[in-house]
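K.L.:
Compact mmCIF, C-alpha atoms and all ligand atoms, file query_29.txt:
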```txt
# COMPACT_ATOMS: atom_id res chain seq x y z
CA GLN A 21 103.10 42.25 45.28
CA PRO A 22 106.26 40.14 45.62
CA GLU A 23 108.64 41.19 48.34
CA LEU A 24 111.99 40.24 49.76
CA SER A 25 111.58 39.68 53.45
CA GLY A 26 113.19 37.82 56.34
CA ASP A 27 116.58 36.17 55.87
CA PHE A 28 116.49 36.58 52.12
CA GLY A 29 115.90 40.32 52.43
CA ARG A 30 118.72 40.54 54.97
CA ILE A 31 121.20 38.74 52.71
CA MET A 32 120.28 41.12 49.92
CA GLU A 33 120.98 44.10 52.15
CA TRP A 34 124.37 42.66 53.10
CA ALA A 35 125.12 42.10 49.44
CA ASP A 36 124.27 45.71 48.73
CA THR A 37 126.97 46.91 51.10
CA ALA A 38 129.57 45.18 48.89
CA ARG A 39 128.12 46.12 45.53
CA ARG A 40 129.54 48.82 43.24
CA MET A 41 127.34 48.49 40.16
CA LYS A 42 123.74 49.63 40.25
CA VAL A 43 121.03 47.15 39.37
CA ARG A 44 118.18 48.37 37.21
CA THR A 45 115.36 46.55 35.53
CA ASN A 46 113.95 46.07 32.06
CA ALA A 47 110.29 47.00 32.40
CA GLU A 48 107.55 48.72 30.48
CA THR A 49 104.45 47.76 32.43
CA PRO A 50 103.49 49.24 35.80
CA ALA A 51 103.24 45.71 37.25
CA ASP A 52 106.78 44.84 36.21
CA ALA A 53 108.13 48.18 37.39
CA ARG A 54 106.48 47.71 40.81
CA ALA A 55 107.70 44.13 41.12
CA ALA A 56 111.22 45.17 40.19
CA ARG A 57 111.23 47.99 42.73
CA SER A 58 110.10 45.65 45.44
CA PHE A 59 113.02 43.39 44.48
CA GLY A 60 115.37 46.33 44.87
CA ALA A 61 115.73 47.65 41.31
CA GLU A 62 117.39 51.06 41.34
CA GLY A 63 115.83 52.35 38.14
CA ILE A 64 114.71 51.21 34.72
CA GLY A 65 117.56 50.46 32.34
CA LEU A 66 115.34 49.59 29.40
CA CYS A 67 111.73 50.42 28.69
CA ARG A 68 110.95 48.76 25.36
CA THR A 69 108.27 51.10 24.05
CA GLU A 70 107.26 48.81 21.19
CA HIS A 71 106.02 46.35 23.84
CA MET A 72 103.49 48.97 24.93
CA PHE A 73 101.55 48.51 21.71
CA PHE A 74 100.91 44.81 21.40
CA GLU A 75 97.32 44.79 22.64
CA GLY A 76 93.77 46.06 22.14
CA ASP A 77 93.22 49.45 20.52
CA ARG A 78 96.89 50.15 20.78
CA ILE A 79 98.01 47.67 18.18
CA VAL A 80 95.35 49.02 15.83
CA ALA A 81 96.58 52.60 16.29
CA MET A 82 100.16 51.42 15.83
CA ARG A 83 99.21 49.59 12.63
CA GLU A 84 97.45 52.71 11.38
CA MET A 85 100.68 54.60 11.93
CA ILE A 86 102.89 52.04 10.24
CA LEU A 87 100.54 51.52 7.32
CA ALA A 88 99.76 55.20 6.69
CA ASP A 89 101.08 56.18 3.28
CA THR A 90 101.37 59.90 3.98
CA GLU A 91 102.92 61.99 6.69
CA ASP A 92 99.48 63.39 7.51
CA GLY A 93 98.13 59.87 7.95
CA ARG A 94 101.01 59.01 10.24
CA ARG A 95 100.53 62.20 12.21
CA SER A 96 96.87 61.52 12.80
CA ALA A 97 97.67 58.02 14.11
CA LEU A 98 100.47 59.50 16.22
CA ALA A 99 98.00 61.96 17.71
CA LYS A 100 96.08 58.94 19.07
CA LEU A 101 99.27 57.36 20.40
CA LEU A 102 100.60 60.49 22.15
CA PRO A 103 98.18 60.57 25.12
CA MET A 104 98.63 56.82 25.64
CA GLN A 105 102.40 57.19 25.77
CA ARG A 106 102.19 60.27 27.99
CA SER A 107 100.17 58.41 30.60
CA ASP A 108 102.35 55.26 30.26
CA PHE A 109 105.48 57.26 30.98
CA THR A 110 103.92 59.36 33.74
CA GLU A 111 102.96 56.18 35.55
CA LEU A 112 106.40 54.62 35.14
CA PHE A 113 108.17 57.78 36.33
CA GLU A 114 105.91 57.90 39.36
CA ILE A 115 106.43 54.24 40.25
CA MET A 116 110.19 54.59 39.80
CA LYS A 117 110.23 57.92 41.64
CA GLY A 118 113.70 59.11 42.54
CA THR A 119 115.46 56.57 40.32
CA PRO A 120 116.62 56.90 36.70
CA VAL A 121 114.36 55.70 33.88
CA THR A 122 115.71 54.92 30.42
CA ILE A 123 113.09 54.94 27.70
CA ARG A 124 114.02 53.48 24.36
CA LEU A 125 112.51 54.93 21.21
CA LEU A 126 110.44 52.54 19.15
CA ASP A 127 112.36 49.50 17.91
CA PRO A 128 109.79 47.26 16.23
CA PRO A 129 110.94 44.56 13.90
CA LEU A 130 108.14 45.37 11.45
CA HIS A 131 106.83 41.82 11.15
CA GLU A 132 105.71 41.96 14.78
CA PHE A 133 103.35 44.82 13.96
CA LEU A 134 102.00 44.19 10.51
CA PRO A 135 98.51 42.67 10.38
CA LYS A 136 98.74 38.94 9.90
CA SER A 137 95.20 37.89 8.97
CA ASP A 138 92.28 39.16 6.88
CA GLU A 139 90.43 40.04 10.08
CA GLU A 140 93.33 42.16 11.26
CA ILE A 141 93.55 43.90 7.91
CA ASP A 142 89.80 44.59 7.97
CA GLU A 143 90.04 46.01 11.46
CA VAL A 144 92.80 48.49 10.56
CA ALA A 145 91.20 49.33 7.22
CA ALA A 146 87.99 50.26 9.04
CA ALA A 147 89.88 52.41 11.54
CA MET A 148 91.72 54.19 8.72
CA GLY A 149 88.75 54.43 6.39
CA VAL A 150 90.58 52.85 3.46
CA PRO A 151 89.59 49.78 1.41
CA ALA A 152 90.92 46.49 2.76
CA ASP A 153 92.54 45.61 -0.59
CA GLN A 154 94.57 48.76 -0.55
CA LEU A 155 95.74 48.01 2.96
CA ARG A 156 96.63 44.46 1.99
CA GLU A 157 98.88 45.84 -0.73
CA ARG A 158 100.56 48.26 1.66
CA THR A 159 101.12 45.44 4.15
CA GLU A 160 102.71 43.30 1.45
CA ALA A 161 104.90 46.20 0.35
CA LEU A 162 106.29 46.45 3.88
CA HIS A 163 107.20 42.77 4.02
CA GLU A 164 110.88 42.25 4.82
CA PHE A 165 112.88 39.08 4.27
CA ASN A 166 115.04 39.76 7.28
CA PRO A 167 113.15 42.02 9.67
CA MET A 168 115.73 41.84 12.45
CA LEU A 169 118.21 43.47 10.05
CA GLY A 170 115.58 45.62 8.45
CA HIS A 171 113.72 48.87 8.89
CA ARG A 172 113.79 49.02 12.68
CA GLY A 173 115.36 51.04 15.48
CA CYS A 174 116.78 54.43 14.58
CA ARG A 175 116.29 53.64 10.90
CA LEU A 176 112.57 54.06 11.44
CA ALA A 177 113.18 57.33 13.31
CA ILE A 178 115.22 58.61 10.38
CA SER A 179 112.61 57.64 7.77
CA TYR A 180 109.75 58.93 9.90
CA PRO A 181 111.07 61.45 12.47
CA GLU A 182 107.53 62.27 13.57
CA ILE A 183 107.46 58.95 15.46
CA ALA A 184 110.50 59.86 17.55
CA GLU A 185 109.10 63.36 18.00
CA MET A 186 105.81 62.02 19.36
CA GLN A 187 107.67 59.79 21.80
CA ALA A 188 110.04 62.56 22.89
CA ARG A 189 107.08 64.87 23.51
CA ALA A 190 105.30 62.18 25.54
CA ILE A 191 108.45 61.62 27.60
CA PHE A 192 109.02 65.32 28.34
CA GLU A 193 105.39 66.05 29.14
CA ALA A 194 105.27 62.99 31.38
CA ALA A 195 108.47 64.05 33.14
CA ILE A 196 106.93 67.44 33.94
CA GLN A 197 103.67 65.84 35.09
CA ALA A 198 105.37 63.20 37.26
CA GLY A 199 107.64 65.87 38.71
CA GLU A 200 104.60 67.90 39.75
CA ASP A 201 102.72 64.86 41.10
CA THR A 202 105.58 63.48 43.18
CA GLY A 203 107.57 66.61 43.98
CA GLU A 204 110.64 64.75 42.71
CA HIS A 205 112.56 66.14 39.71
CA VAL A 206 112.48 63.62 36.82
CA VAL A 207 115.48 63.38 34.48
CA PRO A 208 114.45 61.04 31.67
CA GLU A 209 117.09 59.13 29.75
CA ILE A 210 116.12 58.74 26.10
CA MET A 211 117.76 55.85 24.32
CA VAL A 212 118.13 55.49 20.56
CA PRO A 213 118.19 51.88 19.33
CA LEU A 214 120.18 50.09 16.65
CA VAL A 215 122.66 52.85 15.95
CA SER A 216 125.73 52.02 13.89
CA LEU A 217 126.68 55.49 12.62
CA ARG A 218 127.32 58.65 14.64
CA GLU A 219 125.26 60.55 12.07
CA GLU A 220 122.21 58.41 12.83
CA LEU A 221 122.38 59.37 16.48
CA ARG A 222 123.10 63.00 15.66
CA PHE A 223 120.00 63.15 13.44
CA VAL A 224 117.67 61.62 16.00
CA LYS A 225 119.18 63.60 18.88
CA GLY A 226 118.57 66.76 16.87
CA ARG A 227 114.86 65.93 16.72
CA ILE A 228 114.72 65.09 20.42
CA ASP A 229 116.46 68.36 21.33
CA ALA A 230 114.08 70.33 19.13
CA VAL A 231 111.04 68.78 20.84
CA ALA A 232 112.62 69.43 24.26
CA GLY A 233 112.93 73.08 23.28
CA GLU A 234 109.27 73.26 22.24
CA VAL A 235 107.97 71.58 25.38
CA MET A 236 110.15 73.75 27.62
CA GLN A 237 108.77 76.85 25.95
CA GLU A 238 105.17 75.66 26.23
CA ALA A 239 105.58 74.65 29.87
CA GLY A 240 107.72 77.63 30.80
CA GLN A 241 110.17 75.39 32.60
CA LYS A 242 113.52 73.75 32.09
CA ILE A 243 113.69 70.01 31.46
CA ASP A 244 116.82 68.04 32.20
CA TYR A 245 117.32 64.88 30.19
CA LEU A 246 119.99 62.62 28.77
CA VAL A 247 120.22 61.20 25.28
CA GLY A 248 122.18 58.02 24.73
CA THR A 249 122.26 54.95 22.62
CA MET A 250 122.16 51.23 22.58
CA ILE A 251 125.43 49.64 21.50
CA GLU A 252 124.13 46.49 19.85
CA LEU A 253 125.89 46.34 16.51
CA PRO A 254 129.60 45.56 16.01
CA ARG A 255 130.12 48.75 14.03
CA ALA A 256 128.80 50.82 16.90
CA ALA A 257 131.21 49.10 19.29
CA ILE A 258 134.17 49.71 17.02
CA ARG A 259 133.22 53.34 16.36
CA ALA A 260 132.16 54.04 19.94
CA HIS A 261 134.52 57.02 20.31
CA ARG A 262 132.68 58.81 17.49
CA ILE A 263 129.24 57.78 18.70
CA ALA A 264 130.13 58.99 22.21
CA GLU A 265 130.42 62.50 20.81
CA GLU A 266 126.62 62.44 20.61
CA ALA A 267 125.80 60.03 23.46
CA GLU A 268 125.65 60.74 27.19
CA PHE A 269 125.27 57.04 27.91
CA PHE A 270 125.72 53.67 26.28
CA SER A 271 123.65 50.62 27.04
CA PHE A 272 124.95 47.36 25.67
CA GLY A 273 122.23 45.42 23.89
CA THR A 274 123.89 42.07 24.03
CA ASN A 275 120.96 40.20 22.47
CA ASP A 276 121.43 41.95 19.15
CA LEU A 277 125.19 42.29 19.65
CA THR A 278 125.47 38.50 20.06
CA GLN A 279 123.21 37.96 17.06
CA THR A 280 125.17 40.29 14.81
CA THR A 281 128.65 39.36 16.03
CA PHE A 282 128.09 35.66 15.44
CA GLY A 283 125.70 36.19 12.54
CA ILE A 284 123.34 33.80 14.32
CA SER A 285 119.64 34.66 14.44
CA ARG A 286 118.59 35.11 18.06
CA ASP A 287 115.19 33.66 17.14
CA ASP A 288 116.48 30.50 15.45
CA ALA A 289 119.65 29.71 17.39
CA ALA A 290 118.11 27.08 19.66
CA ALA A 291 117.83 24.69 16.70
CA PHE A 292 121.56 24.12 16.52
CA LEU A 293 123.29 25.65 19.53
CA GLY A 294 122.21 22.64 21.62
CA THR A 295 124.03 20.39 19.15
CA TYR A 296 127.08 22.66 19.29
CA GLN A 297 127.14 22.24 23.04
CA LYS A 298 126.76 18.46 22.85
CA LYS A 299 129.59 18.21 20.33
CA GLY A 300 131.86 20.42 22.39
CA ILE A 301 132.06 23.25 19.84
CA ILE A 302 130.86 25.75 22.45
CA GLU A 303 130.54 25.46 26.23
CA GLN A 304 127.75 27.94 26.82
CA ASP A 305 124.88 29.30 24.78
CA PRO A 306 126.19 32.79 23.93
CA PHE A 307 122.65 34.18 24.10
CA ILE A 308 122.52 33.17 27.76
CA SER A 309 126.06 33.60 29.00
CA LEU A 310 128.08 36.35 27.40
CA ASP A 311 130.67 35.25 24.85
CA LEU A 312 133.55 36.94 26.67
CA ASP A 313 136.15 36.49 23.95
CA GLY A 314 134.11 37.97 21.12
CA VAL A 315 131.05 39.91 22.21
CA GLY A 316 132.74 40.74 25.54
CA GLU A 317 135.80 42.05 23.73
CA LEU A 318 133.59 44.34 21.65
CA ILE A 319 131.96 45.63 24.83
CA ALA A 320 135.36 46.27 26.41
CA ILE A 321 136.56 48.09 23.28
CA ALA A 322 133.41 50.20 23.15
CA SER A 323 133.61 51.05 26.87
CA ASN A 324 137.21 52.20 26.54
CA LYS A 325 136.57 54.18 23.39
CA GLY A 326 133.44 55.73 24.85
CA ARG A 327 135.31 56.82 27.98
CA GLU A 328 138.20 58.21 25.93
CA ALA A 329 135.82 60.48 24.04
CA ARG A 330 133.61 61.31 27.03
CA PRO A 331 135.14 60.43 30.41
CA GLU A 332 131.86 60.83 32.31
CA ILE A 333 129.83 58.62 29.94
CA LYS A 334 127.41 56.33 31.77
CA LEU A 335 127.75 52.66 30.80
CA GLY A 336 125.25 49.86 31.33
CA ILE A 337 124.01 46.61 29.89
CA CYS A 338 120.38 45.78 29.17
CA GLY A 339 120.54 42.59 27.10
CA GLU A 340 119.44 39.32 28.77
CA HIS A 341 123.04 38.91 29.97
CA GLY A 342 122.44 41.72 32.47
CA GLY A 343 120.78 39.11 34.71
CA ASP A 344 123.34 36.33 34.25
CA PRO A 345 125.91 35.99 37.08
CA LEU A 346 128.94 35.14 34.91
CA SER A 347 128.16 37.99 32.56
CA ILE A 348 127.68 40.31 35.55
CA HIS A 349 131.20 39.42 36.76
CA PHE A 350 132.51 40.53 33.40
CA CYS A 351 130.52 43.79 33.60
CA GLU A 352 132.11 44.50 36.98
CA LYS A 353 135.58 43.77 35.62
CA ILE A 354 135.29 46.29 32.82
CA GLY A 355 133.72 48.87 35.12
CA LEU A 356 130.16 49.27 33.84
CA ASP A 357 128.02 51.55 35.99
CA TYR A 358 124.94 49.34 36.03
CA VAL A 359 123.31 46.16 34.83
CA SER A 360 119.64 45.99 33.87
CA CYS A 361 117.65 42.78 33.84
CA SER A 362 114.12 41.43 33.97
CA PRO A 363 112.32 42.07 37.30
CA PHE A 364 112.60 38.55 38.69
CA ARG A 365 116.35 38.51 38.09
CA VAL A 366 116.99 41.66 40.09
CA PRO A 367 117.83 39.76 43.33
CA ILE A 368 120.24 37.44 41.47
CA ALA A 369 121.85 40.46 39.85
CA ARG A 370 122.25 42.21 43.23
CA LEU A 371 123.96 39.15 44.63
CA ALA A 372 126.14 38.56 41.57
CA ALA A 373 127.17 42.22 41.42
CA ALA A 374 128.22 42.03 45.08
CA GLN A 375 130.17 38.81 44.56
CA ALA A 376 131.85 40.31 41.51
CA ALA A 377 132.86 43.42 43.46
CA LEU A 378 134.26 41.26 46.29
CA ASP A 379 136.19 39.10 43.79
CA GLY A 380 137.69 42.41 42.69
C1 LIG B 401 119.35 43.81 22.96
O1 LIG B 401 119.42 43.74 21.73
O2 LIG B 401 120.14 43.26 23.73
C2 LIG B 401 118.25 44.55 23.59
C3 LIG B 401 118.23 44.75 24.89
O3 LIG B 401 117.25 44.97 22.78
P1 LIG B 401 116.06 43.99 22.31
O4 LIG B 401 116.23 42.71 23.06
O5 LIG B 401 114.82 44.69 22.61
O6 LIG B 401 116.36 43.88 20.85
MG MG B 402 118.18 45.04 20.54
```
So that I can check it, write out the structure of this file as structure tokens.
P.N.:
Amino acid sequence: QPELSGDFGRIMEWADTARRMKVRTNAETPADARAARSFGAEGIGLCRTEHMFFEGDRIVAMREMILADTEDGRRSALAKLLPMQRSDFTELFEIMKGTPVTIRLLDPPLHEFLPKSDEEIDEVAAAMGVPADQLRERTEALHEFNPMLGHRGCRLAISYPEIAEMQARAIFEAAIQAGEDTGEHVVPEIMVPLVSLREELRFVKGRIDAVAGEVMQEAGQKIDYLVGTMIELPRAAIRAHRIAEEAEFFSFGTNDLTQTTFGISRDDAAAFLGTYQKKGIIEQDPFISLDLDGVGELIAIASNKGREARPEIKLGICGEHGGDPLSIHFCEKIGLDYVSCSPFRVPIARLAAAQAALDG
């Protein structure tokens, strides 16, 4: 278990006395959550639930769900995923006890989940009890030319609401369980990804609220929770006042926001951004240090519009920039409530947030 001790720990504590913004972490595994807490993370700002399904039986169950061609098929795969998610979230809530945890609904660029080889197709076909050829056809039918702009994020939740419903149920049941185990009331924050239209958020929030109602009735107790959204598309930033009507918090997803503002693929940018830097076209890689004039301006616009519509709206950042000191200075300047970054960047973020507050 990593730990901040001695002089380093002391400097961190001094920094904390100057800091205004909270520092949270991006984590979905218990190990990351524990490491982040020991580095001083004050909550989870982003739990990427799709990352919980990359391995072992889990990826098979996830593939069964994605490749099911009926709602019944999807529901039976979801029934396998529900207990896994419930115990995932219970553990995270317990590790993060007393601090806020933001869980993002599934946001899988489909290509990361589709089977890639004959062996993988055979494995899922066997689990589903369908012929491999049929599954191969379904996999091909789901192929997208541009998965990062494709059927992901809330679009998936709108096509197949039962996925969001399963996750919402897992979150609420875990919140109750963790509350009982730790004696500490858990208020989960449920985050809807890749929203560009208020109506998208309204639709998904409606499903979340309905599940909350069911679970409260079953458990005979009240559950407090927040529903908010990622702001990671330019349209969402520009229409933030409308989106804020449905959102109790915004978290800026600057990875996608940089990608979609520049129209530069976040996965392919390295091939030419280095040349851009050498030739003096840009000073910094915008995927590393926030492009203040463009992406930053969109964040400032969205923050102002969000606050106009909902003065108490909670604002944070969870893209990679949340752990970059220059970007953190900008977040302080526009008054975000928190930054969220990978566990090992938490100490840097604490220091940078303190320096930013002192720079005032
Ligand atoms: C983002 O887009 O900045 C973000 C945090 O989401 P992800 O990196 O998972 O797309
Ligand atoms: Mg994103």
K.L.:
Name the residues, by chain letter and number, that sit within 8 Å of ligand LIG 401 (chain B) using all atoms listed in the file, and give them as a VMD selection string.
P.N.:
chain A and resid 66 68 127 213 250 252 272 to 277 337 to 340
K.L.:
Report, in Å to a single decimal, how far apart CA of Met168 in chain A and CA of Pro129 in chain A are.
P.N.:
5.7 Å
K.L.:
Which of these, A:Gln279, A:Ser58, A:Ser25, A:Gln187, has the shortest distance to ligand MG 402 (chain B) once you count only C-alpha atoms and all ligand atoms?
P.N.:
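Answer, going by the shortest atom-to-atom distance: A:Gln279.
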K.L.:
Tell me which protein, DNA and RNA residues are within 8 Å of Glu204 in chain A, counting only C-alpha atoms, leaving out same-chain ones fewer than 3 positions away, and put them as a list in words.
P.N.:
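What passes the distance filter is Lys117, Gly118, Ala198, Gly199 and Glu200 of chain A.
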K.L.:
I'd like the contact shell of Arg158 in chain A - 12 Å cut-off, all atoms listed in the file, skipping same-chain residues fewer than 4 positions apart - returned as a VMD selection string.
P.N.:
chain A and resid 83 to 84 86 to 90 134 to 135 141 144 to 145 150 to 154 162 to 163
K.L.:
With only C-alpha atoms as the atoms that count, which of A:Ile183, A:Ala256, A:Leu214, A:Val43 lies nearest to Ile321 in chain A?
P.N.:
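The closest residue to Ile321 in chain A is A:Ala256.
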K.L.:
What separation in Å, quoted to one decimal, exists between CA of Asp344 in chain A and CA of Ser216 in chain A?
P.N.:
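Straight-line distance from CA of Asp344 in chain A to CA of Ser216 in chain A works out to 25.8 Å.
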K.L.:
So that I can check the surroundings of Ala188 in chain A, please list as an mmCIF file with C-alpha atoms, in the frame of the given file every protein, DNA and RNA residue that reaches within 12 Å of it, counting all atoms listed in the file and ignoring chain neighbours fewer than 3 positions away.
P.N.:
```cif
data_model
loop_
_atom_site.group_PDB
_atom_site.id
_atom_site.type_symbol
_atom_site.label_atom_id
_atom_site.label_comp_id
_atom_site.auth_asym_id
_atom_site.auth_seq_id
_atom_site.Cartn_x
_atom_site.Cartn_y
_atom_site.Cartn_z
ATOM 1 C CA THR A 69 108.270 51.100 24.050
ATOM 2 C CA LEU A 102 100.600 60.490 22.150
ATOM 3 C CA GLN A 105 102.400 57.190 25.770
ATOM 4 C CA ARG A 106 102.190 60.270 27.990
ATOM 5 C CA PHE A 109 105.480 57.260 30.980
ATOM 6 C CA ILE A 123 113.090 54.940 27.700
ATOM 7 C CA ARG A 124 114.020 53.480 24.360
ATOM 8 C CA LEU A 125 112.510 54.930 21.210
ATOM 9 C CA LEU A 126 110.440 52.540 19.150
ATOM 10 C CA ALA A 177 113.180 57.330 13.310
ATOM 11 C CA PRO A 181 111.070 61.450 12.470
ATOM 12 C CA GLU A 182 107.530 62.270 13.570
ATOM 13 C CA ILE A 183 107.460 58.950 15.460
ATOM 14 C CA ALA A 184 110.500 59.860 17.550
ATOM 15 C CA GLU A 185 109.100 63.360 18.000
ATOM 16 C CA ILE A 191 108.450 61.620 27.600
ATOM 17 C CA PHE A 192 109.020 65.320 28.340
ATOM 18 C CA GLU A 193 105.390 66.050 29.140
ATOM 19 C CA ALA A 194 105.270 62.990 31.380
ATOM 20 C CA ALA A 195 108.470 64.050 33.140
ATOM 21 C CA PRO A 208 114.450 61.040 31.670
ATOM 22 C CA GLU A 209 117.090 59.130 29.750
ATOM 23 C CA ILE A 210 116.120 58.740 26.100
ATOM 24 C CA MET A 211 117.760 55.850 24.320
ATOM 25 C CA VAL A 212 118.130 55.490 20.560
ATOM 26 C CA VAL A 224 117.670 61.620 16.000
ATOM 27 C CA LYS A 225 119.180 63.600 18.880
ATOM 28 C CA GLY A 226 118.570 66.760 16.870
ATOM 29 C CA ARG A 227 114.860 65.930 16.720
ATOM 30 C CA ILE A 228 114.720 65.090 20.420
ATOM 31 C CA ASP A 229 116.460 68.360 21.330
ATOM 32 C CA ALA A 230 114.080 70.330 19.130
ATOM 33 C CA VAL A 231 111.040 68.780 20.840
ATOM 34 C CA ALA A 232 112.620 69.430 24.260
ATOM 35 C CA GLY A 233 112.930 73.080 23.280
ATOM 36 C CA GLU A 234 109.270 73.260 22.240
ATOM 37 C CA VAL A 235 107.970 71.580 25.380
ATOM 38 C CA ILE A 243 113.690 70.010 31.460
ATOM 39 C CA TYR A 245 117.320 64.880 30.190
ATOM 40 C CA LEU A 246 119.990 62.620 28.770
ATOM 41 C CA VAL A 247 120.220 61.200 25.280
#
```
K.L.:
Measuring atom to atom with only C-alpha atoms, identify which of A:Phe113, A:Phe307, A:Phe364, A:Phe350 is nearest to Thr202 in chain A.
P.N.:
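Comparing A:Phe113, A:Phe307, A:Phe364, A:Phe350 against Thr202 in chain A, the winner is A:Phe113.
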K.L.:
Just to confirm, what's the straight-line distance from CA of Val207 in chain A to CA of Pro120 in chain A in Å (one decimal)?
P.N.:
6.9 Å
K.L.:
Using all atoms listed in the file, find the one residue out of A:Ile178, A:Val206, A:Ala239, A:Met116 that sits nearest to Cys67 in chain A.
P.N.:
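With all atoms listed in the file as the atom set, the closest residue is A:Met116.
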K.L.:
Here is a test: counting only C-alpha atoms and all ligand atoms, which residue of A:Asn166, A:Thr110, A:Gln241, A:Thr249 is nearest to ligand MG 402 (chain B)?
P.N.:
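For ligand MG 402 (chain B), the nearest of the given residues is A:Thr249.
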K.L.:
At a cut-off of 6 Å, using all atoms listed in the file, what residues contact range 45-54 of chain A? Leave out same-chain residues fewer than 6 positions from it and give the result as a PDB file with C-alpha atoms, in the coordinates of the input.
P.N.:
```pdb
ATOM      1  CA  ALA A  61     115.730  47.650  41.310  1.00  0.00           C
ATOM      2  CA  ILE A  64     114.710  51.210  34.720  1.00  0.00           C
ATOM      3  CA  GLY A  65     117.560  50.460  32.340  1.00  0.00           C
ATOM      4  CA  LEU A  66     115.340  49.590  29.400  1.00  0.00           C
ATOM      5  CA  CYS A  67     111.730  50.420  28.690  1.00  0.00           C
ATOM      6  CA  SER A 360     119.640  45.990  33.870  1.00  0.00           C
ATOM      7  CA  CYS A 361     117.650  42.780  33.840  1.00  0.00           C
ATOM      8  CA  SER A 362     114.120  41.430  33.970  1.00  0.00           C
ATOM      9  CA  PRO A 363     112.320  42.070  37.300  1.00  0.00           C
TER      10      PRO A 363
END
```
K.L.:
Using all atoms listed in the file for the distances, tell me which of A:Pro254, A:Gly173, A:Gly63, A:Gly149 is nearest to ligand MG 402 (chain B).
P.N.:
A:Gly173
K.L.:
Which centre and which edge lengths, in Å to one decimal, describe the axis-aligned box that holds all listed atoms of range 347-357 of chain A after 4 Å is added on each side, as lines of an AutoDock Vina configuration file?
P.N.:
```
center_x = 131.6
center_y = 44.8
center_z = 34.8
size_x = 15.9
size_y = 21.6
size_z = 12.4
```
